[in-house]
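Down below is the structure, laid out as structure tokens.
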Amino acid sequence: MSFTDDQLERYSRHIILKEVGVKGQKKLLQSRVLVIGTGGLGAPAAMFLGAAGIGTIGLVDFDSVELSNLQRQIIHLTKDVGKPKVISGRETINEMNPDVDVVTYKEWVNSANIKDIIKDRDYDFIIDGTDNFPAKFLINDACVLAKKPFSHAGIIRFQGQTMTYVPGKGPCYRCVFKNPPPPDAVPTCKQAGVLGVMGGVIGTLQATEALKFVLGVGELLTGHLLTYDALKMEFRKVKLPNNKSCQVCGENAIIKELVDYEQAACDLKV
Amino acid sequence: MQDYVTVQVNDEFVAREEFETRIIKEGDAVEFLYFMGGGAL
């Protein structure tokens with residue numbers, strides 16, 4: 001593929017980087033990243049991926065834009081309230097960068113559809129931008145079983161964390177957090193609140209990992225959990241060992257099928 | 001409490017069943033990793 005003059009101009013700040021160059025920008029334009037959840041984490045992640053020129057971005061979300069989303073889900077604007085998030089997301093990305101093919105999946109991920117969604121464009125990297133534990137474990141298991149790399153993350157109040165899974169290169173999410181906590185053991189953002197920017201910081205870190213993976217540069221957050229405390233302005237990189245007895249990626253893995261865990265009672269959507 | 005935390009001592013995971021019995025020595029590095037889910041309605 002050859003670049004247009006506009007593209008050379010658009011991506012010039014990437015192309016100058018020795019780790020990117022024309023070759024790297026081509027890789028980005030030919031790559032496919034799936035963003036599951038177009039909310040606090042997924043919104044900024046998808047925007048930066050779009051700006052960077054990731055050629056195909058999949059957006060998964062069943063929800064429609066609500067007013068309370070706008071404090072942090074910056075891909076959606078006031079005029080988008082009431083619109084399906086994946087449509088709003090696609091519109092924003094296309095206005096920002098027409099080079100990107102945005103594929104929308106207006107659905108909740110579950111054990112019946114996630115494999116098909118991942119296979120739909122054979123995505124190279126997956127970003128977990130979901131906001132509930134059943135989805136996070138589902139995405140982990142689906143990626144481990146499909147041998148796909150992904151970025152996990154979570155945010156609440158003034159804290160956030162993220163880790164990256166690459167098949168064979170370190171622990172998966174289940175190695176660290178064995179099973180979902182009981183439905184009401186952990187507060188949600190709606191209950192506890194979240195500083196709007198938290199998704200921006202952590203979601204952008206997730207996009208960073210996706211870009212580095214596609215380009216094949218730098219060290220990914222495999223085998224590490226990066227934690228961020230915005231009040232203390234502290235990042236910590238906690239080393240994570242592999243867990244040989246992990247139920248899905250360990251030596252005698254017992255999980256071979258995907259599981260739909262029970263959602264917390266307040267999650268039920270009509 | 002043990003429902004939403006993972007514990008590491010000196011870079012190794014401590015099984016949930018051992019939370020009450022594991023002895024920490026001086027100089028041990030103990031990490032508490034918390035579940036962080038997000039928005040979920």
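Just remember, in the structure tokens the first chain shown is A, the second B, etc., residues are 1-based per chain, and ligands are 1-based in the order shown.
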- Determine, counting only C-alpha atoms, which protein, DNA and RNA residues have an atom within 7 Å of an atom of segment 23-37 of chain B; residues of the same chain fewer than 3 positions away are not included. Present the result as a count of residues only. 14
- Could you pull out the alpha helix (DSSP H) residues of segment 101-181 of chain A from DSSP and send them as a PyMOL selection string? chain A and resi 114-120+133-146+173-176
Which chain A residues have any atom within 10 Å of an atom of chain B, and for each, what is the nearest pair of atoms with distance in Å to one decimal, counting only C-alpha atoms, rows sorted by chain and number, as CSV?
residue,atom,partner,partner_atom,distance
A:Gly39,CA,B:Gly39,CA,8.5
A:Gly40,CA,B:Gly39,CA,7.8
A:Leu41,CA,B:Gly38,CA,9.0
A:Asn69,CA,B:Gly39,CA,9.8
A:Gly129,CA,B:Gly38,CA,9.1
A:Thr130,CA,B:Gly38,CA,7.4
A:Asp131,CA,B:Gly38,CA,4.2
A:Asn132,CA,B:Gly37,CA,5.1
A:Phe133,CA,B:Gly37,CA,5.8
A:Pro134,CA,B:Gly37,CA,9.4
A:Ala135,CA,B:Gly37,CA,9.5
A:Lys136,CA,B:Gly37,CA,8.0
A:Ala153,CA,B:Met36,CA,7.8
A:Gly154,CA,B:Met36,CA,4.8
A:Ile155,CA,B:Gly38,CA,5.2
A:Ile156,CA,B:Gly38,CA,5.7
A:Arg157,CA,B:Gly38,CA,9.2
A:Gln159,CA,B:Met36,CA,8.7
A:Gly160,CA,B:Met36,CA,7.4
A:Gln161,CA,B:Met36,CA,7.5
A:Thr162,CA,B:Met36,CA,9.6
A:Cys175,CA,B:Phe13,CA,9.1
A:Val176,CA,B:Thr6,CA,6.7
A:Phe177,CA,B:Thr6,CA,6.3
A:Lys178,CA,B:Thr6,CA,8.5
A:Asn179,CA,B:Asp3,CA,9.2
A:Pro180,CA,B:Tyr4,CA,8.3
A:Pro181,CA,B:Asp3,CA,5.4
A:Pro182,CA,B:Asp3,CA,7.0
A:Ala185,CA,B:Tyr4,CA,6.7
A:Val186,CA,B:Tyr4,CA,6.8
A:Pro187,CA,B:Gly37,CA,8.1
A:Thr188,CA,B:Gly39,CA,5.1
A:Cys189,CA,B:Gly39,CA,4.1
A:Lys190,CA,B:Gly39,CA,5.8
A:Gln191,CA,B:Gly39,CA,8.4
A:Ala192,CA,B:Gly39,CA,9.0
A:Gly193,CA,B:Gly39,CA,8.3
A:Val194,CA,B:Gly39,CA,8.3
A:Gly199,CA,B:Gly38,CA,9.5
A:Leu225,CA,B:Leu33,CA,8.6
A:Thr227,CA,B:Leu33,CA,9.0
A:Val238,CA,B:Glu31,CA,7.9
A:Lys239,CA,B:Asp11,CA,6.5
A:Leu240,CA,B:Asp11,CA,6.6
A:Pro241,CA,B:Glu12,CA,6.2
A:Asn242,CA,B:Glu12,CA,8.8
A:Asn243,CA,B:Phe13,CA,8.0
A:Gln263,CA,B:Ala40,CA,9.3
A:Ala264,CA,B:Ala40,CA,8.7
A:Ala265,CA,B:Leu41,CA,10.0
A:Cys266,CA,B:Leu41,CA,6.7
A:Asp267,CA,B:Leu41,CA,5.6
A:Leu268,CA,B:Leu41,CA,8.5
A:Lys269,CA,B:Leu41,CA,8.9
- Item | Residue list (strand (DSSP E), DSSP) for segment 20-69 of chain A, as a PyMOL selection string | chain A and resi 32-36+56-60
- Message: Between atom CA of Lys115 of chain A and atom CA of Ser31 of chain A, what is the distance in Å, rounded to a tenth?
- Response: 18.6 Å
- Neighbours of Val102 of chain A within 8 Å (only C-alpha atoms; same-chain residues fewer than 6 positions away dropped), as a PyMOL selection string? chain A and resi 56-59+90+93-94
- Task: For Ile126 of chain A, list every protein, DNA or RNA residue within 8 Å, evaluated using only C-alpha atoms, and leave out those in the same chain fewer than 2 positions away; present the list as a PyMOL selection string.
- Result: chain A and resi 33-36+123-124+128+148-151+210
Dump as a CSV table (one decimal), in the first residue's frame, selection limited to all heavy atoms:
chain,number,residue,atom,x,y,z
A,33,VAL,N,-8.1,-3.9,15.7
A,33,VAL,CA,-8.2,-3.9,17.2
A,33,VAL,C,-9.7,-3.9,17.6
A,33,VAL,O,-10.5,-3.1,17.1
A,33,VAL,CB,-7.5,-2.7,17.8
A,33,VAL,CG1,-7.6,-2.8,19.3
A,33,VAL,CG2,-6.0,-2.8,17.4
A,34,LEU,N,-10.0,-4.8,18.5
A,34,LEU,CA,-11.4,-4.8,19.0
A,34,LEU,C,-11.5,-4.2,20.4
A,34,LEU,O,-10.7,-4.5,21.2
A,34,LEU,CB,-11.8,-6.3,19.1
A,34,LEU,CG,-13.3,-6.6,19.6
A,34,LEU,CD1,-14.3,-6.2,18.5
A,34,LEU,CD2,-13.4,-8.1,19.9
A,35,VAL,N,-12.4,-3.2,20.5
A,35,VAL,CA,-12.6,-2.6,21.8
A,35,VAL,C,-14.0,-3.0,22.3
A,35,VAL,O,-15.0,-2.6,21.8
A,35,VAL,CB,-12.6,-1.0,21.6
A,35,VAL,CG1,-12.7,-0.3,22.9
A,35,VAL,CG2,-11.2,-0.6,21.0
A,36,ILE,N,-13.9,-3.7,23.4
A,36,ILE,CA,-15.2,-4.3,24.0
A,36,ILE,C,-15.6,-3.3,25.1
A,36,ILE,O,-14.9,-3.3,26.2
A,36,ILE,CB,-15.0,-5.7,24.5
A,36,ILE,CG1,-14.5,-6.6,23.4
A,36,ILE,CG2,-16.3,-6.2,25.0
A,36,ILE,CD1,-14.3,-8.1,23.8
A,123,TYR,N,-9.5,-10.2,14.8
A,123,TYR,CA,-8.8,-9.1,15.4
A,123,TYR,C,-7.4,-9.5,16.0
A,123,TYR,O,-7.2,-10.6,16.5
A,123,TYR,CB,-9.7,-8.5,16.6
A,123,TYR,CG,-10.9,-7.8,16.0
A,123,TYR,CD1,-12.1,-8.4,15.9
A,123,TYR,CD2,-10.8,-6.5,15.5
A,123,TYR,CE1,-13.2,-7.8,15.4
A,123,TYR,CE2,-11.8,-5.8,14.9
A,123,TYR,CZ,-13.1,-6.5,14.9
A,123,TYR,OH,-14.1,-5.8,14.3
A,124,ASP,N,-6.5,-8.6,15.8
A,124,ASP,CA,-5.1,-8.8,16.3
A,124,ASP,C,-4.9,-8.6,17.8
A,124,ASP,O,-4.1,-9.2,18.4
A,124,ASP,CB,-4.1,-7.8,15.6
A,124,ASP,CG,-4.2,-8.0,14.1
A,124,ASP,OD1,-4.1,-9.1,13.6
A,124,ASP,OD2,-4.4,-6.9,13.4
A,128,ASP,N,-10.2,-4.8,26.7
A,128,ASP,CA,-11.3,-5.0,27.6
A,128,ASP,C,-11.6,-3.6,28.2
A,128,ASP,O,-10.9,-3.1,29.0
A,128,ASP,CB,-10.9,-6.0,28.7
A,128,ASP,CG,-11.9,-6.0,29.8
A,128,ASP,OD1,-13.0,-5.4,29.7
A,128,ASP,OD2,-11.7,-6.7,30.8
A,148,LYS,N,-5.5,-15.1,21.7
A,148,LYS,CA,-5.4,-13.7,21.3
A,148,LYS,C,-4.9,-12.8,22.4
A,148,LYS,O,-5.3,-13.0,23.6
A,148,LYS,CB,-6.8,-13.2,20.9
A,148,LYS,CG,-7.4,-13.8,19.7
A,148,LYS,CD,-6.8,-13.2,18.5
A,148,LYS,CE,-7.4,-13.7,17.2
A,148,LYS,NZ,-6.8,-13.3,16.0
A,149,PRO,N,-4.0,-11.8,22.1
A,149,PRO,CA,-3.6,-10.9,23.2
A,149,PRO,C,-4.6,-9.9,23.5
A,149,PRO,O,-5.4,-9.5,22.7
A,149,PRO,CB,-2.4,-10.2,22.5
A,149,PRO,CG,-2.6,-10.3,21.1
A,149,PRO,CD,-3.5,-11.5,20.8
A,150,PHE,N,-4.6,-9.5,24.8
A,150,PHE,CA,-5.6,-8.4,25.2
A,150,PHE,C,-5.1,-7.6,26.3
A,150,PHE,O,-4.2,-8.0,27.1
A,150,PHE,CB,-7.0,-9.1,25.5
A,150,PHE,CG,-7.1,-9.6,26.9
A,150,PHE,CD1,-7.8,-8.9,27.9
A,150,PHE,CD2,-6.7,-10.9,27.2
A,150,PHE,CE1,-7.9,-9.4,29.1
A,150,PHE,CE2,-6.8,-11.4,28.5
A,150,PHE,CZ,-7.5,-10.7,29.4
A,151,SER,N,-5.7,-6.5,26.5
A,151,SER,CA,-5.4,-5.6,27.6
A,151,SER,C,-6.6,-5.6,28.5
A,151,SER,O,-7.7,-5.3,28.2
A,151,SER,CB,-5.2,-4.1,27.1
A,151,SER,OG,-5.2,-3.2,28.2
A,210,ALA,N,-1.8,-1.7,22.7
A,210,ALA,CA,-2.3,-2.2,21.4
A,210,ALA,C,-1.3,-1.7,20.3
A,210,ALA,O,-0.9,-2.5,19.5
A,210,ALA,CB,-3.7,-1.7,21.1
- Task: Could you please determine the separation between atom CA of Asp116 of chain A and atom CA of Val86 of chain A in Å, to one decimal place?
- Result: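 Those two atoms sit 17.6 Å apart.
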- Close residues, segment 8-10 of chain A itself excluded, 10 Å, only C-alpha atoms, min 2 positions apart in chain, as a ChimeraX atom specification: /A:2-6,12-15,22,25,51-53,97
- What is the atom CA of Val248 of chain A to atom CA of Tyr261 of chain A distance in Å?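 A separation of 15.1 Å between them.
Excluding Asp61 of chain A itself and same-chain residues fewer than 3 positions from it, the residues having an atom within 10 Å of it are Val35, Ile36, Gly37, Thr38, Gly39, Gly42, Ser64, Pro84, Lys85, Val86, Ile87, Gly89, Thr104, Tyr105, Lys106, Glu107, Trp108, Val109, Gly129 and Thr130 of chain A, counting only C-alpha atoms.
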Requested write-out: N, CA, C and O atoms of the selected residues, as a PDB file, in the first residue's frame:
ATOM      1  N   VAL A  35     -12.416  -3.240  20.504  1.00  0.00           N
ATOM      2  CA  VAL A  35     -12.608  -2.559  21.788  1.00  0.00           C
ATOM      3  C   VAL A  35     -13.966  -2.985  22.336  1.00  0.00           C
ATOM      4  O   VAL A  35     -15.007  -2.639  21.774  1.00  0.00           O
ATOM      5  N   ILE A  36     -13.922  -3.747  23.423  1.00  0.00           N
ATOM      6  CA  ILE A  36     -15.164  -4.260  23.989  1.00  0.00           C
ATOM      7  C   ILE A  36     -15.591  -3.324  25.105  1.00  0.00           C
ATOM      8  O   ILE A  36     -14.942  -3.256  26.153  1.00  0.00           O
ATOM      9  N   GLY A  37     -16.685  -2.607  24.888  1.00  0.00           N
ATOM     10  CA  GLY A  37     -17.105  -1.601  25.861  1.00  0.00           C
ATOM     11  C   GLY A  37     -16.692  -0.235  25.335  1.00  0.00           C
ATOM     12  O   GLY A  37     -15.504   0.025  25.171  1.00  0.00           O
ATOM     13  N   THR A  38     -17.686   0.615  25.045  1.00  0.00           N
ATOM     14  CA  THR A  38     -17.365   1.947  24.509  1.00  0.00           C
ATOM     15  C   THR A  38     -17.706   2.975  25.572  1.00  0.00           C
ATOM     16  O   THR A  38     -18.401   3.944  25.320  1.00  0.00           O
ATOM     17  N   GLY A  39     -17.201   2.743  26.785  1.00  0.00           N
ATOM     18  CA  GLY A  39     -17.491   3.602  27.909  1.00  0.00           C
ATOM     19  C   GLY A  39     -16.246   4.289  28.437  1.00  0.00           C
ATOM     20  O   GLY A  39     -15.412   4.765  27.677  1.00  0.00           O
ATOM     21  N   GLY A  42     -13.117   2.288  27.120  1.00  0.00           N
ATOM     22  CA  GLY A  42     -13.152   2.059  25.681  1.00  0.00           C
ATOM     23  C   GLY A  42     -13.204   3.327  24.861  1.00  0.00           C
ATOM     24  O   GLY A  42     -12.615   3.391  23.786  1.00  0.00           O
ATOM     25  N   SER A  64     -26.940   2.610  25.072  1.00  0.00           N
ATOM     26  CA  SER A  64     -27.075   3.900  24.405  1.00  0.00           C
ATOM     27  C   SER A  64     -26.471   4.969  25.295  1.00  0.00           C
ATOM     28  O   SER A  64     -26.378   4.799  26.513  1.00  0.00           O
ATOM     29  N   PRO A  84     -27.238   4.777  20.140  1.00  0.00           N
ATOM     30  CA  PRO A  84     -26.398   3.635  20.514  1.00  0.00           C
ATOM     31  C   PRO A  84     -24.935   4.044  20.564  1.00  0.00           C
ATOM     32  O   PRO A  84     -24.448   4.760  19.683  1.00  0.00           O
ATOM     33  N   LYS A  85     -24.230   3.590  21.588  1.00  0.00           N
ATOM     34  CA  LYS A  85     -22.848   4.008  21.778  1.00  0.00           C
ATOM     35  C   LYS A  85     -21.956   3.637  20.598  1.00  0.00           C
ATOM     36  O   LYS A  85     -21.045   4.379  20.231  1.00  0.00           O
ATOM     37  N   VAL A  86     -22.194   2.473  20.016  1.00  0.00           N
ATOM     38  CA  VAL A  86     -21.314   2.066  18.925  1.00  0.00           C
ATOM     39  C   VAL A  86     -21.503   2.956  17.690  1.00  0.00           C
ATOM     40  O   VAL A  86     -20.560   3.188  16.930  1.00  0.00           O
ATOM     41  N   ILE A  87     -22.719   3.484  17.514  1.00  0.00           N
ATOM     42  CA  ILE A  87     -22.962   4.387  16.380  1.00  0.00           C
ATOM     43  C   ILE A  87     -22.292   5.729  16.655  1.00  0.00           C
ATOM     44  O   ILE A  87     -21.599   6.292  15.813  1.00  0.00           O
ATOM     45  N   GLY A  89     -19.852   6.236  18.634  1.00  0.00           N
ATOM     46  CA  GLY A  89     -18.403   6.010  18.587  1.00  0.00           C
ATOM     47  C   GLY A  89     -17.886   6.002  17.164  1.00  0.00           C
ATOM     48  O   GLY A  89     -16.859   6.617  16.849  1.00  0.00           O
ATOM     49  N   THR A 104     -19.220  -2.081  13.950  1.00  0.00           N
ATOM     50  CA  THR A 104     -19.987  -1.967  15.190  1.00  0.00           C
ATOM     51  C   THR A 104     -20.721  -3.255  15.535  1.00  0.00           C
ATOM     52  O   THR A 104     -21.241  -3.943  14.658  1.00  0.00           O
ATOM     53  N   TYR A 105     -20.714  -3.577  16.814  1.00  0.00           N
ATOM     54  CA  TYR A 105     -21.437  -4.748  17.325  1.00  0.00           C
ATOM     55  C   TYR A 105     -22.317  -4.253  18.461  1.00  0.00           C
ATOM     56  O   TYR A 105     -21.843  -4.075  19.595  1.00  0.00           O
ATOM     57  N   LYS A 106     -23.582  -4.056  18.172  1.00  0.00           N
ATOM     58  CA  LYS A 106     -24.479  -3.530  19.202  1.00  0.00           C
ATOM     59  C   LYS A 106     -25.023  -4.717  19.992  1.00  0.00           C
ATOM     60  O   LYS A 106     -26.132  -5.178  19.778  1.00  0.00           O
ATOM     61  N   GLU A 107     -24.203  -5.254  20.874  1.00  0.00           N
ATOM     62  CA  GLU A 107     -24.599  -6.391  21.695  1.00  0.00           C
ATOM     63  C   GLU A 107     -23.782  -6.453  22.978  1.00  0.00           C
ATOM     64  O   GLU A 107     -22.738  -5.825  23.079  1.00  0.00           O
ATOM     65  N   TRP A 108     -24.298  -7.219  23.949  1.00  0.00           N
ATOM     66  CA  TRP A 108     -23.526  -7.547  25.151  1.00  0.00           C
ATOM     67  C   TRP A 108     -22.691  -8.769  24.797  1.00  0.00           C
ATOM     68  O   TRP A 108     -23.180  -9.692  24.163  1.00  0.00           O
ATOM     69  N   VAL A 109     -21.430  -8.800  25.235  1.00  0.00           N
ATOM     70  CA  VAL A 109     -20.666 -10.019  25.010  1.00  0.00           C
ATOM     71  C   VAL A 109     -21.141 -11.095  25.971  1.00  0.00           C
ATOM     72  O   VAL A 109     -21.436 -10.832  27.132  1.00  0.00           O
ATOM     73  N   GLY A 129     -12.704  -3.025  27.702  1.00  0.00           N
ATOM     74  CA  GLY A 129     -13.149  -1.739  28.241  1.00  0.00           C
ATOM     75  C   GLY A 129     -14.453  -1.930  28.984  1.00  0.00           C
ATOM     76  O   GLY A 129     -15.252  -1.003  29.098  1.00  0.00           O
ATOM     77  N   THR A 130     -14.677  -3.149  29.484  1.00  0.00           N
ATOM     78  CA  THR A 130     -15.961  -3.431  30.129  1.00  0.00           C
ATOM     79  C   THR A 130     -15.943  -2.988  31.577  1.00  0.00           C
ATOM     80  O   THR A 130     -14.906  -2.670  32.141  1.00  0.00           O
TER      81      THR A 130
END
- Query: Counting only C-alpha atoms, which of A:Ile54, A:Met96, A:Met163, A:Leu29 gets nearest to Leu220 of chain A?
  - Reply: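 Selected residue with least distance to Leu220 of chain A: A:Met163.
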- For Gly200 of chain A: contacts at 10 Å, only C-alpha atoms, fewer than 4 positions along chain excluded, given as a PyMOL selection string: chain A and resi 40-45+72-74+195-196+204-206
- May I ask which of the residues A:Arg32, A:Gly50, A:Val60, A:Ile139 is the closest one to Arg121 of chain A, counting only C-alpha atoms?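 Using only C-alpha atoms, Arg121 of chain A sits closest to A:Arg32.
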- Query: For Met198 of chain A, which residue among A:Met233, A:Val144, A:Val100, A:Met1 is the nearest when counting only C-alpha atoms?
  - Reply: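 Closest candidate: A:Met233.
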